[in-house]
Amino acid sequence: MAVLHRGLRLGMALLASFTAPACGPEAPAGAALEVDEQELEAVRSPLPPLNREALRQAIAGLPNAEVSGALVRVSGADGRWLGTSGVADIRTGAPVPADAHFRIGSMTKTFTAVVVLQLAAEGRVDLDRPVQDYLPRLLPAGVYAPITVRQLLNFTHGLPGVPVPQKDPDWFFENRFRRFSPRELLSLTLPQGPRFAPGTQQEYGNIGYLVAGLLIEQVTGRPYGDAVRERILRPLHLRDTFVPGNDVTLPGRHARGYEEVEPEETGCPAGAIAYGTRCLVDVTEASQSVPWAAGEMISTAEDMDRFLVALFQGRLLPRKLQEELFIVPDLPAAGGGRASYSAGLRRHDINGVIFWGKTGDRHGYNNGMGATRDLRRRLIYSVNTLHMGGDQPDIAVRIIMAALQGPSQP
């Protein structure tokens with residue numbers, strides 16, 4: 001696979017434009033070169049001052065037709081801003097608590113990726129070995145070519161998507177509390193055959209991280225959630241972060257999640273709440289077994305910020321393995337464009353600022369986390385959307401842009 005080498009000397013880089021958003025596994029990972037890269041990003045992407053008014057405006061006017069509440073935390077060199085808007089409960093009108101728990105969705109993938117990389121650091125997993133060596137009976141022989149562990153983590157595996165329409169409200173309400181096993185989901189998925197040859201494209205989805213969760217369990221001999229707790233949550237004292245397993249509830253203080261449904265001729269259907277002209281179903285409690293190791297976890301803004309800091313500071317992974325978080329394959333993305341995902345994170349260039357992070361979407365909750373490599377600007381947000389799926393909600397885009405927008409010019 002072709003790669004772009006990102007570890008250039010800073011003196012040379014200052015004389016040339018930094019044009020390499022992607023690189024592959026063969027890129028050099030020496031400590032001095034990686035420090036230079038962080039300095040280079042800072043030179044190329046000066047960070048604007050924190051714009052607190054833009055952040056306030058980004059979440060103003062809630063609840064509205066799309067979102068019932070929002071929570072935003074921005075931290076870094078320019079200080080911290082913490083804001084909430086809307087309601088945590090449409091029945092009572094209670095405000096969104098600043099310490100609210102929320103379903104982090106696909107931000108779970110970052111935790112799963114870190115555990116696999118830790119196992120690689122310990123020599124228990126080889127990122128360049130086929131996953132078939134660890135789970136020999138999982139992928140049908142003769143149907144799937146060898147897929148490396150690294151390809152699982154960076155979405156270049158070519159495995160088909162899980163054929164479960166979890167974003168379809170009708171399907172969701174029928175299966176809301178059903179407990180799927182990861183192997184059951186894979187048995188529905190794998191007969192479709194590969195989407196493309198491993199290592200030739202990048203396509204985002206959950207399937208690779210379901211396999212990664214099974215890989216963790218095979219190597220450790222214990223549930224993947226135990227590995228997350230013992231290797232990440234406890235060492236970092238993330239006491240408000242959970243791998244829920246069979247528990248369908250949200251712990252502690254939280255904003256409730258809702259999904260809008262169509263009204264009937266006589267009003268809202270049974271189980272729905274009339275809220276103005278809309279009918280909303282409380283979906284706070286639901287099984288998270290479909291996303292499992294790709295999207296089931298629960299956390300708070302404070303815990304997620306602490307996790308980001310520890311991750312980017314190298315407290316969870318040795319240098320060589322940490323760089324897997326910041327290596328994007330030089331490949332086309334399925335559907336057009338270029339690859340943008342690494343192992344557990346995504347690279348964004350926003351207004352000239354390089355931002356690494358991950359978003360997550362569950363019924364009633366749309367969230368995101370991100371930071372510059374040097375942690376000078378960090379963002380955690382959770383918004384309570386009334387419609388799961390589709391494009392990133394407008395309010396999330398406004399929050400992200402406001403976090404990286406300087407003061408308005410007179």
# chains A, B, ... in the order shown; residues from 1 in each chain; ligands from 1
>>> residues_around(residues="region 53-62 of chain A", least_positions_apart="2", cutoff="12 Å", atoms="only C-alpha atoms", output="VMD selection string")
chain A and resid 49 to 51 64 to 74 80 to 88 90 93 95 to 96 379 381 to 385 394 to 408
>>> write_last_selection(atoms="N, CA and C atoms", output="tab-separated table (two decimals), in the first residue's frame")
chain	number	residue	atom	x	y	z
A	49	PRO	N	-8.34	32.36	19.26
A	49	PRO	CA	-8.76	32.42	20.67
A	49	PRO	C	-10.14	31.79	20.85
A	50	LEU	N	-10.42	31.35	22.05
A	50	LEU	CA	-11.71	30.74	22.35
A	50	LEU	C	-12.82	31.79	22.25
A	51	ASN	N	-13.84	31.48	21.48
A	51	ASN	CA	-14.96	32.40	21.25
A	51	ASN	C	-16.17	31.92	22.04
A	64	ASN	N	-35.85	22.80	20.06
A	64	ASN	CA	-36.44	23.18	18.78
A	64	ASN	C	-36.97	21.93	18.09
A	65	ALA	N	-37.22	22.02	16.80
A	65	ALA	CA	-37.84	20.89	16.09
A	65	ALA	C	-36.91	19.72	15.90
A	66	GLU	N	-35.62	19.89	16.17
A	66	GLU	CA	-34.64	18.82	15.93
A	66	GLU	C	-33.94	18.33	17.18
A	67	VAL	N	-33.84	19.18	18.20
A	67	VAL	CA	-33.00	18.89	19.36
A	67	VAL	C	-33.72	19.34	20.63
A	68	SER	N	-33.69	18.50	21.66
A	68	SER	CA	-34.32	18.88	22.93
A	68	SER	C	-33.33	19.50	23.91
A	69	GLY	N	-32.04	19.13	23.83
A	69	GLY	CA	-31.06	19.67	24.77
A	69	GLY	C	-29.66	19.50	24.26
A	70	ALA	N	-28.73	20.23	24.88
A	70	ALA	CA	-27.33	20.16	24.45
A	70	ALA	C	-26.41	20.44	25.62
A	71	LEU	N	-25.24	19.83	25.57
A	71	LEU	CA	-24.18	20.00	26.55
A	71	LEU	C	-22.86	20.13	25.80
A	72	VAL	N	-22.09	21.19	26.10
A	72	VAL	CA	-20.82	21.43	25.41
A	72	VAL	C	-19.75	21.77	26.43
A	73	ARG	N	-18.58	21.17	26.26
A	73	ARG	CA	-17.42	21.48	27.10
A	73	ARG	C	-16.23	21.71	26.18
A	74	VAL	N	-15.60	22.87	26.31
A	74	VAL	CA	-14.39	23.19	25.56
A	74	VAL	C	-13.29	23.51	26.56
A	80	ARG	N	-11.51	27.25	29.84
A	80	ARG	CA	-12.59	26.28	29.67
A	80	ARG	C	-13.92	26.98	29.53
A	81	TRP	N	-14.79	26.43	28.68
A	81	TRP	CA	-16.17	26.90	28.57
A	81	TRP	C	-17.09	25.70	28.69
A	82	LEU	N	-18.09	25.81	29.57
A	82	LEU	CA	-19.05	24.72	29.78
A	82	LEU	C	-20.43	25.32	29.66
A	83	GLY	N	-21.23	24.80	28.75
A	83	GLY	CA	-22.56	25.34	28.53
A	83	GLY	C	-23.59	24.27	28.28
A	84	THR	N	-24.82	24.56	28.68
A	84	THR	CA	-25.95	23.67	28.40
A	84	THR	C	-27.10	24.51	27.87
A	85	SER	N	-28.03	23.83	27.20
A	85	SER	CA	-29.21	24.50	26.67
A	85	SER	C	-30.32	23.49	26.53
A	86	GLY	N	-31.56	23.98	26.52
A	86	GLY	CA	-32.70	23.09	26.35
A	86	GLY	C	-33.12	22.41	27.63
A	87	VAL	N	-33.78	21.27	27.48
A	87	VAL	CA	-34.35	20.57	28.62
A	87	VAL	C	-33.84	19.14	28.69
A	88	ALA	N	-33.71	18.65	29.91
A	88	ALA	CA	-33.33	17.26	30.12
A	88	ALA	C	-34.53	16.33	30.12
A	90	ILE	N	-38.70	16.58	28.82
A	90	ILE	CA	-39.74	17.42	28.24
A	90	ILE	C	-41.00	17.45	29.10
A	93	GLY	N	-39.50	19.91	32.15
A	93	GLY	CA	-38.79	21.13	31.77
A	93	GLY	C	-37.48	21.32	32.50
A	95	PRO	N	-33.64	21.56	33.39
A	95	PRO	CA	-32.53	21.89	32.49
A	95	PRO	C	-31.55	20.73	32.34
A	96	VAL	N	-30.77	20.76	31.27
A	96	VAL	CA	-29.74	19.75	31.04
A	96	VAL	C	-28.63	19.92	32.08
A	379	LEU	N	-12.69	19.55	22.62
A	379	LEU	CA	-14.14	19.71	22.55
A	379	LEU	C	-14.83	18.40	22.86
A	381	TYR	N	-19.04	17.26	23.17
A	381	TYR	CA	-20.42	17.74	23.14
A	381	TYR	C	-21.37	16.56	23.09
A	382	SER	N	-22.58	16.79	23.57
A	382	SER	CA	-23.67	15.82	23.44
A	382	SER	C	-24.95	16.60	23.19
A	383	VAL	N	-25.64	16.27	22.12
A	383	VAL	CA	-26.92	16.90	21.83
A	383	VAL	C	-27.99	15.82	21.75
A	384	ASN	N	-29.16	16.15	22.25
A	384	ASN	CA	-30.27	15.20	22.27
A	384	ASN	C	-31.13	15.41	21.04
A	385	THR	N	-30.77	14.69	19.98
A	385	THR	CA	-31.49	14.81	18.72
A	385	THR	C	-32.80	14.03	18.77
A	394	ASP	N	-27.33	19.83	12.21
A	394	ASP	CA	-26.83	21.19	12.06
A	394	ASP	C	-26.22	21.73	13.34
A	395	ILE	N	-26.84	21.44	14.48
A	395	ILE	CA	-26.33	21.99	15.73
A	395	ILE	C	-24.94	21.45	16.04
A	396	ALA	N	-24.67	20.19	15.69
A	396	ALA	CA	-23.34	19.63	15.93
A	396	ALA	C	-22.30	20.35	15.08
A	397	VAL	N	-22.66	20.63	13.83
A	397	VAL	CA	-21.74	21.38	12.96
A	397	VAL	C	-21.48	22.77	13.54
A	398	ARG	N	-22.54	23.43	14.02
A	398	ARG	CA	-22.36	24.77	14.62
A	398	ARG	C	-21.46	24.71	15.83
A	399	ILE	N	-21.61	23.69	16.66
A	399	ILE	CA	-20.78	23.56	17.87
A	399	ILE	C	-19.31	23.39	17.48
A	400	ILE	N	-19.05	22.51	16.54
A	400	ILE	CA	-17.67	22.25	16.11
A	400	ILE	C	-17.04	23.51	15.53
A	401	MET	N	-17.76	24.20	14.67
A	401	MET	CA	-17.22	25.42	14.07
A	401	MET	C	-17.00	26.49	15.13
A	402	ALA	N	-17.92	26.63	16.08
A	402	ALA	CA	-17.76	27.64	17.13
A	402	ALA	C	-16.56	27.36	18.01
A	403	ALA	N	-16.28	26.08	18.25
A	403	ALA	CA	-15.14	25.72	19.10
A	403	ALA	C	-13.82	26.11	18.47
A	404	LEU	N	-13.80	26.26	17.16
A	404	LEU	CA	-12.57	26.57	16.45
A	404	LEU	C	-12.64	27.93	15.75
A	405	GLN	N	-13.59	28.75	16.16
A	405	GLN	CA	-13.78	30.06	15.55
A	405	GLN	C	-13.29	31.15	16.49
A	406	GLY	N	-12.47	32.05	16.00
A	406	GLY	CA	-11.98	33.15	16.80
A	406	GLY	C	-13.02	34.24	16.98
A	407	PRO	N	-12.71	35.28	17.74
A	407	PRO	CA	-13.65	36.39	17.94
A	407	PRO	C	-14.02	37.04	16.61
A	408	SER	N	-15.26	37.48	16.50
A	408	SER	CA	-15.73	38.14	15.28
A	408	SER	C	-14.97	39.43	15.06
>>> select_by_dssp(residues="region 250-328 of chain A", states="helix (DSSP H, G or I)", output="JSON, numbers by chain")
{"A": [292, 293, 294, 301, 302, 303, 304, 305, 306, 307, 308, 309, 310, 311, 312, 319, 320, 321, 322, 323, 324, 325, 326]}
>>> atom_distance(atom1="CA of Arg347 (chain A)", atom2="CA of Ile327 (chain A)")
9.1 Å
>>> closest_residue(among="A:Pro235, A:Val281, A:Tyr144, A:Val211", to="Ser181 (chain A)", atoms="only C-alpha atoms")
A:Val211
>>> closest_residue(among="A:Phe111, A:Gly257, A:Ala294, A:Leu321", to="Glu230 (chain A)", atoms="only C-alpha atoms")
A:Phe111
>>> atom_distance(atom1="CA of Trp356 (chain A)", atom2="CA of Phe326 (chain A)")
7.9 Å
>>> closest_atom_pairs(of="region 273-336 of chain A", to="region 241-244 of chain A", cutoff="7 Å", atoms="only C-alpha atoms", output="JSON lines")
{"residue": "A:Glu296", "atom": "CA", "partner": "A:Val243", "partner_atom": "CA", "distance": 6.7}
{"residue": "A:Met297", "atom": "CA", "partner": "A:Val243", "partner_atom": "CA", "distance": 4.8}
{"residue": "A:Ile298", "atom": "CA", "partner": "A:Phe242", "partner_atom": "CA", "distance": 5.1}
{"residue": "A:Ser299", "atom": "CA", "partner": "A:Thr241", "partner_atom": "CA", "distance": 4.1}
{"residue": "A:Thr300", "atom": "CA", "partner": "A:Thr241", "partner_atom": "CA", "distance": 6.8}
{"residue": "A:Asp303", "atom": "CA", "partner": "A:Thr241", "partner_atom": "CA", "distance": 6.8}
>>> write_last_selection(atoms="N, CA and C atoms", output="compact mmCIF listing (two decimals), in the first residue's frame")
# COMPACT_ATOMS: atom_id res chain seq x y z
N GLU A 296 -21.44 1.02 22.38
CA GLU A 296 -22.39 0.86 23.47
C GLU A 296 -22.13 1.69 24.71
N MET A 297 -21.01 2.37 24.83
CA MET A 297 -20.59 2.92 26.11
C MET A 297 -21.34 4.19 26.52
N ILE A 298 -21.19 4.54 27.81
CA ILE A 298 -21.82 5.70 28.43
C ILE A 298 -20.72 6.50 29.12
N SER A 299 -20.80 7.83 29.08
CA SER A 299 -19.79 8.63 29.76
C SER A 299 -20.34 10.02 30.06
N THR A 300 -19.46 10.91 30.49
CA THR A 300 -19.77 12.32 30.74
C THR A 300 -18.75 13.17 30.00
N ASP A 303 -15.35 13.12 31.93
CA ASP A 303 -14.59 11.89 31.76
C ASP A 303 -14.01 11.79 30.35
>>> residues_around(residues="Tyr258 (chain A)", least_positions_apart="5", cutoff="7 Å", atoms="only C-alpha atoms", output="list in words")
Leu280, Val281, Asp282, Val283, Thr284, Gly364 and Leu386 of chain A
>>> write_last_selection(atoms="C-alpha atoms", output="compact mmCIF listing (two decimals), in the first residue's frame")
# COMPACT_ATOMS: atom_id res chain seq x y z
CA LEU A 280 -42.01 12.01 20.99
CA VAL A 281 -41.14 8.60 22.40
CA ASP A 282 -38.72 8.45 25.33
CA VAL A 283 -35.89 6.18 24.14
CA THR A 284 -33.49 6.75 27.04
CA GLY A 364 -31.71 10.32 21.47
CA LEU A 386 -35.07 13.82 17.94
>>> atom_distance(atom1="CA of Leu47 (chain A)", atom2="CA of Ser75 (chain A)")
13.0 Å
>>> closest_atom_pairs(of="region 118-168 of chain A", to="region 212-225 of chain A", cutoff="8 Å", atoms="only C-alpha atoms", output="Markdown table")
| residue | atom | partner | partner_atom | distance |
| --- | --- | --- | --- | --- |
| A:Arg124 | CA | A:Val219 | CA | 7.2 |
| A:Val125 | CA | A:Val219 | CA | 7.8 |
| A:Val131 | CA | A:Leu215 | CA | 7.7 |
| A:Tyr134 | CA | A:Leu215 | CA | 6.8 |
| A:Leu135 | CA | A:Leu215 | CA | 6.9 |
| A:Val149 | CA | A:Ala212 | CA | 7.8 |
| A:Leu152 | CA | A:Ala212 | CA | 6.8 |
| A:Leu153 | CA | A:Ala212 | CA | 7.5 |
>>> select_by_dssp(residues="region 51-110 of chain A", states="strand (DSSP E or B)", output="list in words")
Val67, Ser68, Gly69, Ala70, Leu71, Val72, Arg73, Val74, Ser75, Gly76, Trp81, Leu82, Gly83, Thr84, Ser85, Gly86, Val87, Pro95, His101, Phe102 and Arg103 of chain A
>>> write_last_selection(atoms="N, CA and C atoms", output="short mmCIF file (atom, residue, chain, number, x, y, z; two decimals), in the first residue's frame")
data_model
loop_
_atom_site.label_atom_id
_atom_site.label_comp_id
_atom_site.auth_asym_id
_atom_site.auth_seq_id
_atom_site.Cartn_x
_atom_site.Cartn_y
_atom_site.Cartn_z
N VAL A 67 -33.84 19.18 18.20
CA VAL A 67 -33.00 18.89 19.36
C VAL A 67 -33.72 19.34 20.63
N SER A 68 -33.69 18.50 21.66
CA SER A 68 -34.32 18.88 22.93
C SER A 68 -33.33 19.50 23.91
N GLY A 69 -32.04 19.13 23.83
CA GLY A 69 -31.06 19.67 24.77
C GLY A 69 -29.66 19.50 24.26
N ALA A 70 -28.73 20.23 24.88
CA ALA A 70 -27.33 20.16 24.45
C ALA A 70 -26.41 20.44 25.62
N LEU A 71 -25.24 19.83 25.57
CA LEU A 71 -24.18 20.00 26.55
C LEU A 71 -22.86 20.13 25.80
N VAL A 72 -22.09 21.19 26.10
CA VAL A 72 -20.82 21.43 25.41
C VAL A 72 -19.75 21.77 26.43
N ARG A 73 -18.58 21.17 26.26
CA ARG A 73 -17.42 21.48 27.10
C ARG A 73 -16.23 21.71 26.18
N VAL A 74 -15.60 22.87 26.31
CA VAL A 74 -14.39 23.19 25.56
C VAL A 74 -13.29 23.51 26.56
N SER A 75 -12.12 22.92 26.37
CA SER A 75 -11.00 23.10 27.31
C SER A 75 -9.73 23.33 26.52
N GLY A 76 -8.71 23.83 27.21
CA GLY A 76 -7.42 23.99 26.56
C GLY A 76 -6.65 25.20 27.06
N TRP A 81 -14.79 26.43 28.68
CA TRP A 81 -16.17 26.90 28.57
C TRP A 81 -17.09 25.70 28.69
N LEU A 82 -18.09 25.81 29.57
CA LEU A 82 -19.05 24.72 29.78
C LEU A 82 -20.43 25.32 29.66
N GLY A 83 -21.23 24.80 28.75
CA GLY A 83 -22.56 25.34 28.53
C GLY A 83 -23.59 24.27 28.28
N THR A 84 -24.82 24.56 28.68
CA THR A 84 -25.95 23.67 28.40
C THR A 84 -27.10 24.51 27.87
N SER A 85 -28.03 23.83 27.20
CA SER A 85 -29.21 24.50 26.67
C SER A 85 -30.32 23.49 26.53
N GLY A 86 -31.56 23.98 26.52
CA GLY A 86 -32.70 23.09 26.35
C GLY A 86 -33.12 22.41 27.63
N VAL A 87 -33.78 21.27 27.48
CA VAL A 87 -34.35 20.57 28.62
C VAL A 87 -33.84 19.14 28.69
N PRO A 95 -33.64 21.56 33.39
CA PRO A 95 -32.53 21.89 32.49
C PRO A 95 -31.55 20.73 32.34
N HIS A 101 -24.72 12.23 32.19
CA HIS A 101 -24.28 11.04 31.48
C HIS A 101 -24.98 10.99 30.13
N PHE A 102 -24.32 10.42 29.12
CA PHE A 102 -24.94 10.26 27.81
C PHE A 102 -24.35 9.04 27.12
N ARG A 103 -25.09 8.52 26.16
CA ARG A 103 -24.62 7.38 25.37
C ARG A 103 -23.64 7.91 24.33
#
>>> residues_around(residues="Leu127 (chain A)", least_positions_apart="3", cutoff="9 Å", atoms="only C-alpha atoms", output="PDB file with C-alpha atoms, in the first residue's frame")
ATOM      1  CA  VAL A 116      -6.245  -3.742  20.859  1.00  0.00           C
ATOM      2  CA  LEU A 117      -3.199  -1.458  20.565  1.00  0.00           C
ATOM      3  CA  ALA A 120      -0.146  -5.217  20.470  1.00  0.00           C
ATOM      4  CA  PRO A 130      -4.581 -11.758   9.776  1.00  0.00           C
ATOM      5  CA  VAL A 131      -7.468 -11.699  12.195  1.00  0.00           C
ATOM      6  CA  THR A 148      -4.977  -7.798   9.214  1.00  0.00           C
ATOM      7  CA  VAL A 149      -5.780  -6.518  12.687  1.00  0.00           C
ATOM      8  CA  ARG A 150      -4.684  -3.044  11.576  1.00  0.00           C
ATOM      9  CA  GLN A 151      -7.197  -3.163   8.724  1.00  0.00           C
TER      10      GLN A 151
END
>>> closest_residue(among="A:Thr277, A:Asn367, A:Asn351, A:Asn175", to="Ser289 (chain A)", atoms="only C-alpha atoms")
A:Asn175
>>> closest_residue(among="A:His254, A:Arg338, A:His157, A:Lys109", to="Ala301 (chain A)", atoms="only C-alpha atoms")
A:His254
>>> closest_residue(among="A:Glu324, A:Leu317, A:Thr92, A:Pro46", to="Thr372 (chain A)", atoms="only C-alpha atoms")
A:Pro46
>>> closest_residue(among="A:Tyr275, A:Phe307, A:Thr200, A:Ala141", to="Asp240 (chain A)", atoms="only C-alpha atoms")
A:Phe307
